[in-house]
Each structure stands twice: as C-alpha cells, then as structure tokens.
>>> print(open('model-v8.tsv').read())   # TSV, C-alpha atoms
chain	number	residue	atom	x	y	z
Z	1392	MET	CA	257.33	-13.90	-49.24
Z	1393	ARG	CA	259.17	-17.18	-49.70
Z	1394	SER	CA	262.42	-15.22	-49.95
Z	1395	ILE	CA	261.72	-13.44	-46.64
Z	1396	TRP	CA	260.82	-16.70	-44.87
Z	1397	SER	CA	263.95	-18.34	-46.19
Z	1398	LYS	CA	266.03	-15.45	-44.90
Z	1399	ILE	CA	264.41	-15.67	-41.46
Z	1400	LYS	CA	265.00	-19.41	-41.41
Z	1401	ASN	CA	268.67	-18.99	-42.25
Z	1402	GLU	CA	269.11	-16.32	-39.59
Z	1403	THR	CA	267.41	-18.59	-37.05
Z	1404	VAL	CA	269.75	-21.47	-37.89
Z	1405	GLN	CA	272.72	-19.14	-37.60
Z	1406	SER	CA	271.46	-17.85	-34.25
Z	1407	ILE	CA	271.01	-21.37	-32.94
Z	1408	SER	CA	274.48	-22.28	-34.14
Z	1409	LEU	CA	275.91	-19.18	-32.47
Z	1410	VAL	CA	274.10	-19.95	-29.23
Z	1411	ALA	CA	275.37	-23.53	-29.35
Z	1412	LEU	CA	278.89	-22.27	-29.94
Z	1413	MET	CA	278.55	-19.83	-27.08
Z	1414	LEU	CA	277.34	-22.63	-24.82
Z	1415	VAL	CA	280.43	-24.65	-25.68
Z	1416	VAL	CA	282.61	-21.63	-24.93
Z	1417	LEU	CA	280.77	-21.03	-21.65
Z	1418	CYS	CA	281.12	-24.69	-20.68
Z	1419	GLY	CA	284.80	-24.52	-21.53
Z	1420	THR	CA	285.16	-21.41	-19.39
Z	1421	ALA	CA	283.21	-23.10	-16.59
Z	1422	ALA	CA	285.52	-26.09	-16.91
Z	1423	LEU	CA	288.53	-23.87	-16.46
Z	1424	VAL	CA	287.04	-21.95	-13.56
Z	1425	VAL	CA	285.16	-24.69	-11.71
Z	1426	ASP	CA	286.86	-27.97	-12.57
Z	1427	LEU	CA	290.43	-26.70	-12.62
Z	1428	GLY	CA	289.72	-24.67	-9.50
Z	1429	THR	CA	288.41	-27.78	-7.79
Z	1430	ALA	CA	291.52	-29.69	-8.87
Z	1431	TYR	CA	293.73	-26.91	-7.53
Z	1432	VAL	CA	292.00	-26.98	-4.12
Z	1433	GLN	CA	292.15	-30.77	-3.98
Z	1434	LYS	CA	295.84	-30.71	-4.91
Z	1435	GLY	CA	296.46	-28.47	-1.88
Z	1436	GLN	CA	294.49	-30.84	0.34
Z	1437	LEU	CA	296.55	-33.77	-0.94
Z	1438	GLN	CA	299.76	-31.90	-0.17
Z	1439	ASN	CA	298.61	-31.10	3.35
Z	1440	ALA	CA	297.74	-34.75	3.85
Z	1441	ALA	CA	301.13	-35.88	2.50
Z	1442	ASP	CA	302.98	-33.42	4.77
Z	1443	ALA	CA	301.04	-34.58	7.85
Z	1444	ALA	CA	301.50	-38.25	6.98
Z	1445	GLY	CA	305.24	-37.78	6.41
Z	1446	LEU	CA	305.83	-36.01	9.72
Z	1447	ALA	CA	303.76	-38.60	11.59
Z	1448	ALA	CA	305.64	-41.47	9.95
Z	1449	ALA	CA	309.00	-39.90	10.81
Z	1450	HIS	CA	308.16	-40.28	14.51
Z	1451	ASP	CA	308.02	-44.05	14.09
Z	1452	MET	CA	311.35	-44.58	12.34
Z	1453	PRO	CA	313.55	-46.57	12.16
Z	1454	SER	CA	310.73	-49.16	12.12
Z	1455	ALA	CA	309.85	-49.14	8.42
Z	1456	THR	CA	306.66	-51.17	8.85
Z	1457	THR	CA	305.30	-48.97	11.62
Z	1458	ALA	CA	306.23	-45.80	9.72
Z	1459	ARG	CA	304.38	-46.99	6.59
Z	1460	ASN	CA	301.28	-47.93	8.58
Z	1461	THR	CA	301.32	-44.57	10.35
Z	1462	ALA	CA	301.62	-42.69	7.05
Z	1463	GLU	CA	298.53	-44.41	5.61
Z	1464	SER	CA	296.60	-43.96	8.85
Z	1465	TYR	CA	297.27	-40.22	8.99
Z	1466	ALA	CA	296.45	-39.81	5.30
Z	1467	MET	CA	293.07	-41.47	5.89
Z	1468	LYS	CA	292.45	-39.12	8.82
Z	1469	ASN	CA	292.90	-36.30	6.31
Z	1470	GLY	CA	290.29	-37.70	3.93
Z	1471	ILE	CA	292.46	-39.90	1.70
Z	1472	GLU	CA	290.98	-43.26	0.72
Z	1473	ALA	CA	292.80	-46.46	1.66
Z	1474	GLY	CA	295.26	-47.66	-0.96
Z	1475	HIS	CA	296.05	-44.17	-2.28
Z	1476	THR	CA	299.10	-43.61	-0.04
Z	1477	THR	CA	302.58	-45.01	-0.55
Z	1478	ALA	CA	305.30	-44.58	2.09
Z	1479	THR	CA	308.94	-45.46	1.43
Z	1480	THR	CA	311.58	-45.75	4.13
Z	1481	PRO	CA	314.54	-45.88	4.18
Z	1482	TYR	CA	314.41	-43.18	1.51
Z	1483	ASN	CA	317.47	-42.98	-0.76
Z	1484	GLY	CA	319.20	-45.30	1.68
Z	1485	ASP	CA	318.63	-42.99	4.66
Z	1486	PRO	CA	316.77	-44.75	7.52
Z	1487	LYS	CA	315.97	-41.34	9.05
Z	1488	LYS	CA	313.93	-40.25	6.01
Z	1489	VAL	CA	310.51	-41.28	4.73
Z	1490	GLU	CA	308.85	-40.38	1.43
Z	1491	VAL	CA	305.05	-40.22	1.22
Z	1492	VAL	CA	303.23	-40.09	-2.12
Z	1493	ILE	CA	299.45	-39.68	-2.36
Z	1494	THR	CA	297.51	-40.06	-5.62
Z	1495	GLU	CA	293.82	-39.42	-6.32
Z	1496	THR	CA	291.61	-38.98	-9.37
Z	1497	VAL	CA	289.45	-35.87	-9.75
Z	1498	ASN	CA	286.32	-36.36	-11.89
Z	1499	TYR	CA	285.44	-33.34	-13.99
Z	1500	THR	CA	281.91	-31.98	-14.49
Z	1501	PHE	CA	281.84	-29.21	-17.09
Z	1502	ALA	CA	285.13	-30.16	-18.76
Z	1503	ARG	CA	283.44	-33.30	-20.11
Z	1504	VAL	CA	281.88	-31.07	-22.77
Z	1505	ILE	CA	285.33	-30.41	-24.23
Z	1506	GLY	CA	286.50	-34.00	-23.87
Z	1507	PHE	CA	288.18	-34.08	-20.44
Z	1508	ASN	CA	286.64	-36.54	-17.99
Z	1509	SER	CA	289.15	-36.64	-15.13
Z	1510	GLN	CA	292.66	-35.83	-13.94
Z	1511	GLU	CA	295.03	-37.76	-11.71
Z	1512	LEU	CA	296.56	-35.63	-8.96
Z	1513	SER	CA	299.54	-36.48	-6.78
Z	1514	ALA	CA	301.33	-34.94	-3.82
Z	1515	ARG	CA	304.68	-35.85	-2.34
Z	1516	ALA	CA	306.50	-35.11	0.92
Z	1517	VAL	CA	309.80	-36.26	2.40
Z	1518	ALA	CA	310.15	-36.01	6.18
Z	1519	GLN	CA	313.31	-36.49	8.19
Z	1520	GLN	CA	314.06	-37.45	11.76
Z	1521	VAL	CA	316.75	-35.08	13.03
Z	1522	ILE	CA	318.94	-36.00	16.01
Z	1523	ALA	CA	320.47	-32.98	17.73
Z	1524	GLY	CA	324.13	-32.35	17.12
Z	1525	GLY	CA	326.41	-30.43	14.80
Z	1526	ASP	CA	330.03	-30.14	13.72
Z	1527	ALA	CA	331.06	-28.88	17.16
Z	1528	PHE	CA	330.29	-32.31	18.58
Z	1529	ASP	CA	332.87	-33.93	16.33
Z	1530	TYR	CA	335.62	-32.73	18.71
Z	1531	ALA	CA	336.82	-33.96	22.09
Z	1532	VAL	CA	337.55	-30.34	23.04
Z	1533	PHE	CA	335.92	-27.45	21.18
Z	1534	ALA	CA	336.21	-23.69	21.81
Z	1535	GLY	CA	333.84	-22.11	19.30
Z	1536	GLY	CA	334.11	-18.45	20.28
Z	1537	GLY	CA	337.63	-18.05	21.65
Z	1538	ALA	CA	340.68	-20.09	22.56
Z	1539	ALA	CA	341.26	-23.56	23.97
Z	1540	SER	CA	343.91	-23.18	26.68
Z	1541	PHE	CA	345.51	-26.07	28.55
Z	1542	ASN	CA	347.53	-24.93	31.52
Z	1543	GLY	CA	349.73	-27.39	33.33
Z	1544	SER	CA	351.17	-30.57	31.89
Z	1545	LYS	CA	350.54	-34.16	30.86
Z	1546	HIS	CA	347.03	-33.63	29.54
Z	1547	THR	CA	345.65	-36.38	27.33
Z	1548	PHE	CA	342.99	-35.77	24.68
Z	1549	VAL	CA	341.60	-38.76	22.82
Z	1550	GLY	CA	339.94	-37.05	19.90
Z	1551	SER	CA	340.44	-33.80	18.03
Z	1552	VAL	CA	340.82	-30.29	19.49
Z	1553	TYR	CA	339.44	-27.05	18.03
Z	1554	GLY	CA	339.96	-23.46	19.17
Z	1555	ARG	CA	338.55	-20.71	16.98
Z	1556	ASP	CA	341.07	-18.16	18.28
Z	1557	GLY	CA	343.85	-20.61	18.96
Z	1558	VAL	CA	344.95	-23.72	20.82
Z	1559	SER	CA	347.61	-23.68	23.53
Z	1560	LEU	CA	348.91	-27.08	24.64
Z	1561	GLY	CA	350.91	-27.44	27.85
Z	1562	ASN	CA	354.04	-29.51	28.30
Z	1563	ASN	CA	353.91	-33.22	27.52
Z	1564	ALA	CA	350.34	-33.03	26.23
Z	1565	THR	CA	349.06	-35.80	23.98
Z	1566	VAL	CA	346.35	-35.35	21.34
Z	1567	THR	CA	345.27	-38.47	19.47
Z	1568	GLY	CA	343.51	-36.51	16.75
Z	1569	ASN	CA	343.70	-33.22	14.87
Z	1570	VAL	CA	344.37	-29.75	16.30
Z	1571	THR	CA	342.60	-26.93	14.49
Z	1572	CYS	CA	342.06	-23.16	14.70
Z	1573	THR	CA	341.04	-20.39	12.33
Z	1574	ILE	CA	343.37	-17.91	10.67
Z	1575	SER	CA	342.70	-15.45	13.52
Z	1576	GLY	CA	344.43	-17.76	16.00
Z	1577	SER	CA	347.57	-19.84	16.37
Z	1578	ILE	CA	348.55	-23.25	17.71
Z	1579	SER	CA	351.30	-23.54	20.29
Z	1580	GLN	CA	352.75	-26.78	21.63
Z	1581	GLY	CA	354.56	-27.11	24.94
Z	1582	ASN	CA	357.72	-29.11	25.39
Z	1583	GLY	CA	357.24	-32.80	24.76
Z	1584	SER	CA	353.69	-32.45	23.41
Z	1585	PHE	CA	352.54	-34.90	20.77
Z	1586	ILE	CA	349.80	-34.60	18.13
Z	1587	SER	CA	349.05	-37.74	16.15
Z	1588	GLY	CA	346.79	-36.06	13.59
Z	1589	SER	CA	347.06	-32.96	11.44
Z	1590	VAL	CA	347.69	-29.38	12.60
Z	1591	ASN	CA	345.56	-26.79	10.77
Z	1592	SER	CA	345.61	-23.08	11.57
Z	1593	ASN	CA	343.49	-22.03	8.59
Z	1594	SER	CA	340.13	-23.66	9.30
Z	1595	SER	CA	336.75	-22.05	8.83
Z	1596	ALA	CA	334.71	-21.01	11.87
Z	1597	ILE	CA	332.24	-23.59	13.16
Z	1598	ALA	CA	328.86	-22.54	14.53
Z	1599	MET	CA	327.61	-23.55	17.95
Z	1600	PRO	CA	324.15	-25.17	17.83
Z	1601	ASP	CA	321.31	-24.14	20.15
Z	1602	PHE	CA	318.86	-26.77	21.43
Z	1603	SER	CA	317.18	-24.62	24.10
Z	1604	ASP	CA	313.67	-24.54	22.65
Z	1605	LEU	CA	313.72	-28.22	21.77
Z	1606	ILE	CA	314.85	-29.20	25.27
Z	1607	LYS	CA	312.17	-27.06	26.93
Z	1608	GLU	CA	309.51	-28.47	24.62
Z	1609	GLN	CA	310.45	-32.11	25.21
Z	1610	GLY	CA	311.80	-32.04	28.76
Z	1611	ILE	CA	310.83	-31.84	32.39
Z	1612	VAL	CA	310.85	-28.19	33.50
Z	1613	CYS	CA	312.28	-27.31	36.94
Z	1614	ASN	CA	312.12	-23.77	38.28
Z	1615	ASN	CA	314.85	-24.04	40.92
Z	1616	GLN	CA	317.61	-26.22	42.40
Z	1617	THR	CA	315.22	-27.97	44.79
Z	1618	GLN	CA	312.95	-29.16	42.00
Z	1619	PHE	CA	316.00	-30.27	40.04
Z	1620	ASP	CA	317.34	-32.30	42.96
Z	1621	VAL	CA	314.00	-34.07	43.27
Z	1622	ALA	CA	314.02	-34.83	39.54
Z	1623	VAL	CA	317.50	-36.44	39.52
Z	1624	ASN	CA	318.34	-37.83	42.95
Z	1625	GLY	CA	318.16	-41.60	42.93
Z	1626	LYS	CA	316.62	-41.58	39.45
Z	1627	THR	CA	317.78	-42.37	35.93
Z	1628	VAL	CA	317.72	-39.38	33.58
Z	1629	ASP	CA	317.01	-40.63	30.06
Z	1630	GLY	CA	315.50	-37.47	28.62
Z	1631	PRO	CA	315.88	-33.68	28.84
Z	1632	ILE	CA	315.54	-31.75	32.11
Z	1633	TYR	CA	315.18	-27.98	31.68
Z	1634	VAL	CA	316.11	-25.81	34.68
Z	1635	ASN	CA	315.34	-22.10	34.93
Z	1636	GLY	CA	318.44	-20.62	36.54
Z	1637	ASN	CA	321.72	-22.05	37.80
Z	1638	VAL	CA	322.41	-25.68	38.67
Z	1639	THR	CA	324.85	-27.25	41.12
Z	1640	ILE	CA	325.85	-30.88	40.57
Z	1641	ASN	CA	326.66	-32.57	43.89
Z	1642	GLY	CA	326.97	-36.19	42.83
Z	1643	ARG	CA	326.37	-38.79	40.21
Z	1644	VAL	CA	323.69	-38.16	37.60
Z	1645	ARG	CA	322.56	-41.47	36.15
Z	1646	GLY	CA	321.35	-42.06	32.62
Z	1647	THR	CA	321.84	-40.84	29.08
Z	1648	GLY	CA	319.73	-37.69	29.18
Z	1649	ILE	CA	320.30	-33.93	29.21
Z	1650	ILE	CA	320.69	-31.54	32.14
Z	1651	TYR	CA	319.98	-28.01	30.89
Z	1652	ALA	CA	320.44	-24.84	32.94
Z	1653	SER	CA	319.45	-21.45	31.57
Z	1654	GLY	CA	322.34	-20.01	33.63
Z	1655	THR	CA	325.48	-21.71	34.93
Z	1656	ILE	CA	326.42	-25.24	36.00
Z	1657	THR	CA	328.91	-25.93	38.79
Z	1658	PHE	CA	330.25	-29.34	39.77
Z	1659	LEU	CA	331.03	-29.08	43.50
Z	1660	ASN	CA	331.98	-32.60	44.49
Z	1661	ASP	CA	335.56	-33.48	43.58
Z	1662	ASN	CA	334.69	-37.17	43.51
Z	1663	ILE	CA	331.70	-37.45	41.21
Z	1664	LEU	CA	331.82	-41.11	40.31
Z	1665	GLN	CA	329.97	-41.35	37.04
Z	1666	THR	CA	330.01	-44.79	35.44
Z	1667	ALA	CA	330.56	-45.95	31.88
Z	1668	SER	CA	326.78	-46.28	31.46
Z	1669	ASP	CA	326.19	-42.58	32.25
Z	1670	HIS	CA	326.30	-40.32	29.21
Z	1671	ILE	CA	324.74	-37.04	30.29
Z	1672	LEU	CA	324.86	-33.80	28.30
Z	1673	PHE	CA	325.42	-31.02	30.88
Z	1674	TYR	CA	324.24	-27.84	29.10
Z	1675	ALA	CA	324.82	-24.35	30.57
Z	1676	ALA	CA	322.93	-22.16	28.12
Z	1677	THR	CA	324.05	-18.61	28.88
Z	1678	GLY	CA	326.70	-18.90	31.59
Z	1679	ASP	CA	329.92	-20.67	32.51
Z	1680	MET	CA	330.53	-24.21	33.67
Z	1681	THR	CA	333.07	-25.11	36.33
Z	1682	PHE	CA	334.28	-28.64	36.99
Z	1683	ASN	CA	336.33	-28.86	40.14
Z	1684	GLY	CA	338.08	-32.04	39.27
Z	1685	GLY	CA	340.34	-33.47	41.93
Z	1686	SER	CA	339.73	-37.16	41.49
Z	1687	GLY	CA	336.39	-36.55	39.81
Z	1688	VAL	CA	335.17	-38.45	36.79
Z	1689	CYS	CA	332.55	-37.03	34.44
Z	1690	VAL	CA	331.03	-39.27	31.80
Z	1691	GLY	CA	329.22	-37.26	29.16
Z	1692	ILE	CA	329.44	-33.88	27.47
Z	1693	LEU	CA	330.15	-30.52	29.12
Z	1694	TYR	CA	328.47	-27.88	26.93
Z	1695	ALA	CA	328.48	-24.10	27.44
Z	1696	PRO	CA	327.86	-22.49	24.02
Z	1697	ASN	CA	327.92	-18.92	25.36
Z	1698	GLY	CA	330.33	-19.25	28.26
Z	1699	THR	CA	333.63	-20.69	29.47
Z	1700	ILE	CA	334.19	-24.20	30.71
Z	1701	ARG	CA	336.87	-24.33	33.39
Z	1702	VAL	CA	338.27	-27.66	34.49
Z	1703	ASN	CA	340.30	-27.29	37.67
Z	1704	GLY	CA	341.90	-30.68	37.52
Z	1705	GLY	CA	343.88	-32.90	39.81
Z	1706	PRO	CA	345.99	-35.90	38.91
Z	1707	ASN	CA	342.95	-38.02	38.02
Z	1708	SER	CA	340.46	-35.43	36.80
Z	1709	THR	CA	338.95	-37.10	33.77
Z	1710	THR	CA	336.11	-36.39	31.39
Z	1711	TYR	CA	334.98	-39.42	29.44
Z	1712	GLY	CA	333.14	-37.43	26.83
Z	1713	ARG	CA	333.60	-33.98	25.32
Z	1714	ILE	CA	334.18	-30.40	26.44
Z	1715	ILE	CA	332.44	-27.91	24.13
Z	1716	ALA	CA	332.13	-24.20	24.92
Z	1717	LYS	CA	332.75	-20.67	23.73
Z	1718	ASN	CA	336.04	-20.78	25.63
Z	1719	VAL	CA	337.82	-23.73	27.23
Z	1720	ASP	CA	340.25	-23.31	30.13
Z	1721	ILE	CA	341.79	-26.49	31.57
Z	1722	ASN	CA	344.03	-26.06	34.60
Z	1723	GLY	CA	346.20	-28.42	36.58
Z	1724	ALA	CA	348.08	-31.55	35.66
Z	1725	LYS	CA	346.66	-34.58	33.89
Z	1726	ALA	CA	343.19	-33.18	33.31
Z	1727	SER	CA	342.27	-35.56	30.51
Z	1728	VAL	CA	339.44	-35.90	28.02
Z	1729	TYR	CA	338.59	-39.22	26.34
Z	1730	SER	CA	335.93	-39.12	23.62
Z	1731	ASN	CA	334.19	-41.93	21.77
Z	1732	ALA	CA	330.96	-42.52	19.86
Z	1733	ALA	CA	328.98	-43.43	23.00
Z	1734	ASP	CA	329.41	-39.87	24.30
Z	1735	LEU	CA	326.71	-38.76	21.88
Z	1736	ASP	CA	324.05	-41.10	23.28
Z	1737	SER	CA	322.48	-38.21	25.17
Z	1738	LEU	CA	321.86	-36.31	21.93
Z	1739	SER	CA	319.85	-39.24	20.57
Z	1740	THR	CA	317.21	-38.48	23.21
Z	1741	LEU	CA	316.65	-35.07	21.59
Z	1742	ILE	CA	314.88	-35.58	18.28
Z	1743	SER	CA	313.00	-33.21	15.99
Z	1744	TYR	CA	311.14	-33.81	12.75
Z	1745	LYS	CA	311.03	-31.69	9.63
Z	1746	LEU	CA	309.95	-31.71	6.01
Z	1747	VAL	CA	312.98	-31.67	3.70
Z	1748	GLU	CA	311.26	-32.07	0.32
>>> encode(input="model-v8.tsv", output="structure tokens")
Amino acid sequence: MRSIWSKIKNETVQSISLVALMLVVLCGTAALVVDLGTAYVQKGQLQNAADAAGLAAAHDMPSATTARNTAESYAMKNGIEAGHTTATTPYNGDPKKVEVVITETVNYTFARVIGFNSQELSARAVAQQVIAGGDAFDYAVFAGGGAASFNGSKHTFVGSVYGRDGVSLGNNATVTGNVTCTISGSISQGNGSFISGSVNSNSSAIAMPDFSDLIKEQGIVCNNQTQFDVAVNGKTVDGPIYVNGNVTINGRVRGTGIIYASGTITFLNDNILQTASDHILFYAATGDMTFNGGSGVCVGILYAPNGTIRVNGGPNSTTYGRIIAKNVDINGAKASVYSNAADLDSLSTLISYKLVE
C-alpha cells in the first residue's frame, strides 16, 4: 500500500511540475504573441507620429526653433508624451531638412515571467522642404525637346544655352556661358559669334519638370481671361495663379509669383515695362508662348515645357531671366537674354514637403 501511495505521490509531483512547465511555456508564448505584438503596433504608431511631426516641422524651416517646437507639438497630438521627441535642423548641414526621433518605453506584461520587463522603441523620420526647380533652370536658354534657334544677329545671352537637338547661333552672337546639345544635334556658330564657356555636343538629355499639380494645389484658380485680369491688374503677384485655358499678357505683372496657363501664353504689348523687382514665372503648360518684343522688357522666366517659345524681337527686346521650352525660336536682331540668381525667386514661392528617410 505504501508503495502504491508513494507512486501516486511521485506522479502527482511530476504532473504539477509538468503543469508548471507548461504554464511557463504558455506565458512565454503569450509574451511573444501579446507583448511583442503590442510593441509592433506601438512601433508603427511611433513611426506615424515621427512622419507627421517631420512633415509639419519642414513647413516651418528655415527657422530651427519654430521647426523643433512644431515637431514636438505634432508628436504630442499623436499621443507622444512631452520630452520624448527630438528634432534636429539643419540636418547634416542642410537647412531644408529636419530629422525627428521619437523614443518610448513599452512595459511588458506576460514577458515578465521569462525575465523581460520592458523594451525601448524608437522611430525616426527625415523630412525635406523642396523648392521647385530642376536642371533645366540652370540655363539662360533651354530647349529640352528640340533645337534652340537664334535667327538674326547680335544676340546676347548671359548664361548657358542648351538645345537637345542642337543650337544654332546667328551672326555676332555672344554667349557668356556654355553651349550644349546631345549627340543627336549639332552646334553651329554664325560669323563673329563668341562663346566664353565650353562647347559640348555630347551631353545627356535633361528632363523638363512639371509643377502643374503643385501650382493648382497652392494657387489662385481662374477659369478665364477675365478672372485672370481681375487677379493681376494693379496687384502684386507673390504666389501661383492657375488659369484654365489661354492667357494674354497686356502689361506689367508685378511680383515674384507664377502665372500658369493650361494652354498658351501670348505677350501682346510690345512695351511691357517690367522692373528689376518683378520676377514672374510665366508657365504655358501644354501650348506655345509668344513674346512680341519690340522694345519690350520681360523680367522673369518664360516656360513652355511642351511647346515652343517664340521671341519676335526688336532692337531692345530683352528678357531679364530665362527662356525654357521644348523648342526655342528667337527672331530678329538683338533679342537678348540676361540670367542671374534672382530670376529663380518665383520658384521659391512653390514649395513642397516630402519624407526622404
């Protein structure tokens, strides 16, 4: 009898030990499923908060103090406790970038059984402020889909000239920069022409950027010429204006903004007296652009990414800015283009924000 009782007692102890072991295994499994699952979900929430905080902070650059405050504020709106967010700008020396790092501690429940009490989680995002532009805007004259042709004589171009399918300079033309085309084109110089920079007929093709959606999103939308005239006459244009259809420019457009037409743009007045403070980007999205020069002066950028820009110049037809199009056709004598860094002021009004890391 004693032998049987002893056997039962031993089996009971073994059963209890087995149950205890199974409980440990179950708790370990629960730790993996519940606690690690909770950590995974919280990690995703931290990343969403870091992304949102980074994009919000990018809107406030280049003010580093404001950007850092905004990052922490947005993180708190997404459930992050104060003091758990660090924002760094400039990031890697770039004042247009901000890095946001969020750290939090997750306290475990079941994993305590196997010796794990908590885990520190972190999420990181780098957001960038992007000013519209592109390689095409590095040139005084740029023909991205065809040739840059200069008919007549005594043209002056302060800056570089690019023609994907070739560049043809008239007599006595002066280029104070480089002249470039791809292997599919050629560069011809008229008698007495002068190029101060390099001549390269083996360049790679350069893409033409498209800002249409960004302009429509950020700008004033006009549905016809009448609405456009109301928006610009006697006013200063310091942001984008988006016009559905064609646009005719009859006089000075003040400011440093953007005039966008989904169709064509025509400059009618041959005496458009822009001033040095006017840096407008005239953007004909799908059609051509015609500048009937005479004694006209345009300060800004003429941009027709899918069409031809024709400058019918007179002896004082001058563009203080850049001419960028699929094809460029400059006619007449002394139709000159002078580019400098201030020409790009209009692009600085068109800003987007994106996550880069």
>>> residues_around(input="model-v8.tsv", residues="region 1668-1679 of chain Z", least_positions_apart="5", cutoff="8 Å", atoms="all atoms listed in the file", output="compact mmCIF listing (two decimals) with C-alpha atoms, keeping the file's coordinate frame")
# COMPACT_ATOMS: atom_id res chain seq x y z
CA SER Z 1603 317.18 -24.62 24.10
CA VAL Z 1644 323.69 -38.16 37.60
CA ARG Z 1645 322.56 -41.47 36.15
CA GLY Z 1646 321.35 -42.06 32.62
CA THR Z 1647 321.84 -40.84 29.08
CA GLY Z 1648 319.73 -37.69 29.18
CA ILE Z 1649 320.30 -33.93 29.21
CA ILE Z 1650 320.69 -31.54 32.14
CA TYR Z 1651 319.98 -28.01 30.89
CA ALA Z 1652 320.44 -24.84 32.94
CA SER Z 1653 319.45 -21.45 31.57
CA GLY Z 1654 322.34 -20.01 33.63
CA THR Z 1655 325.48 -21.71 34.93
CA ILE Z 1656 326.42 -25.24 36.00
CA VAL Z 1690 331.03 -39.27 31.80
CA GLY Z 1691 329.22 -37.26 29.16
CA ILE Z 1692 329.44 -33.88 27.47
CA LEU Z 1693 330.15 -30.52 29.12
CA TYR Z 1694 328.47 -27.88 26.93
CA ALA Z 1695 328.48 -24.10 27.44
CA PRO Z 1696 327.86 -22.49 24.02
CA ASN Z 1697 327.92 -18.92 25.36
CA GLY Z 1698 330.33 -19.25 28.26
CA THR Z 1699 333.63 -20.69 29.47
CA ILE Z 1700 334.19 -24.20 30.71
CA ARG Z 1701 336.87 -24.33 33.39
CA GLY Z 1712 333.14 -37.43 26.83
CA ALA Z 1733 328.98 -43.43 23.00
CA ASP Z 1734 329.41 -39.87 24.30
CA LEU Z 1735 326.71 -38.76 21.88
CA ASP Z 1736 324.05 -41.10 23.28
CA SER Z 1737 322.48 -38.21 25.17
CA LEU Z 1738 321.86 -36.31 21.93
>>> atom_distance(input="model-v8.tsv", atom1="CA of Thr1639 (chain Z)", atom2="CA of Met1599 (chain Z)")
23.6 Å
>>> residues_around(input="model-v8.tsv", residues="Tyr1431 (chain Z)", least_positions_apart="3", cutoff="12 Å", atoms="all atoms listed in the file", output="PyMOL selection string")
chain Z and resi 1423-1428+1434-1438+1497+1510-1514
>>> atom_distance(input="model-v8.tsv", atom1="CA of Ser1540 (chain Z)", atom2="CA of Phe1602 (chain Z)")
25.8 Å
>>> closest_residue(input="model-v8.tsv", among="Z:Asn1591, Z:Asn1439, Z:Ser1544, Z:Ser1551", to="Asp1526 (chain Z)", atoms="all atoms listed in the file")
Z:Ser1551
>>> residues_around(input="model-v8.tsv", residues="Gly1581 (chain Z)", least_positions_apart="4", cutoff="9 Å", atoms="all atoms listed in the file", output="PyMOL selection string")
chain Z and resi 1544+1559-1564
>>> write_last_selection(input="model-v8.tsv", atoms="C-alpha atoms", output="PDB file, keeping the file's coordinate frame")
ATOM      1  CA  SER Z1544     351.170 -30.570  31.890  1.00  0.00           C
ATOM      2  CA  SER Z1559     347.610 -23.680  23.530  1.00  0.00           C
ATOM      3  CA  LEU Z1560     348.910 -27.080  24.640  1.00  0.00           C
ATOM      4  CA  GLY Z1561     350.910 -27.440  27.850  1.00  0.00           C
ATOM      5  CA  ASN Z1562     354.040 -29.510  28.300  1.00  0.00           C
ATOM      6  CA  ASN Z1563     353.910 -33.220  27.520  1.00  0.00           C
ATOM      7  CA  ALA Z1564     350.340 -33.030  26.230  1.00  0.00           C
TER       8      ALA Z1564
END
>>> residues_around(input="model-v8.tsv", residues="Gln1519 (chain Z)", least_positions_apart="6", cutoff="8 Å", atoms="only C-alpha atoms", output="ChimeraX atom specification")
/Z:1446,1449,1487-1489,1744-1747
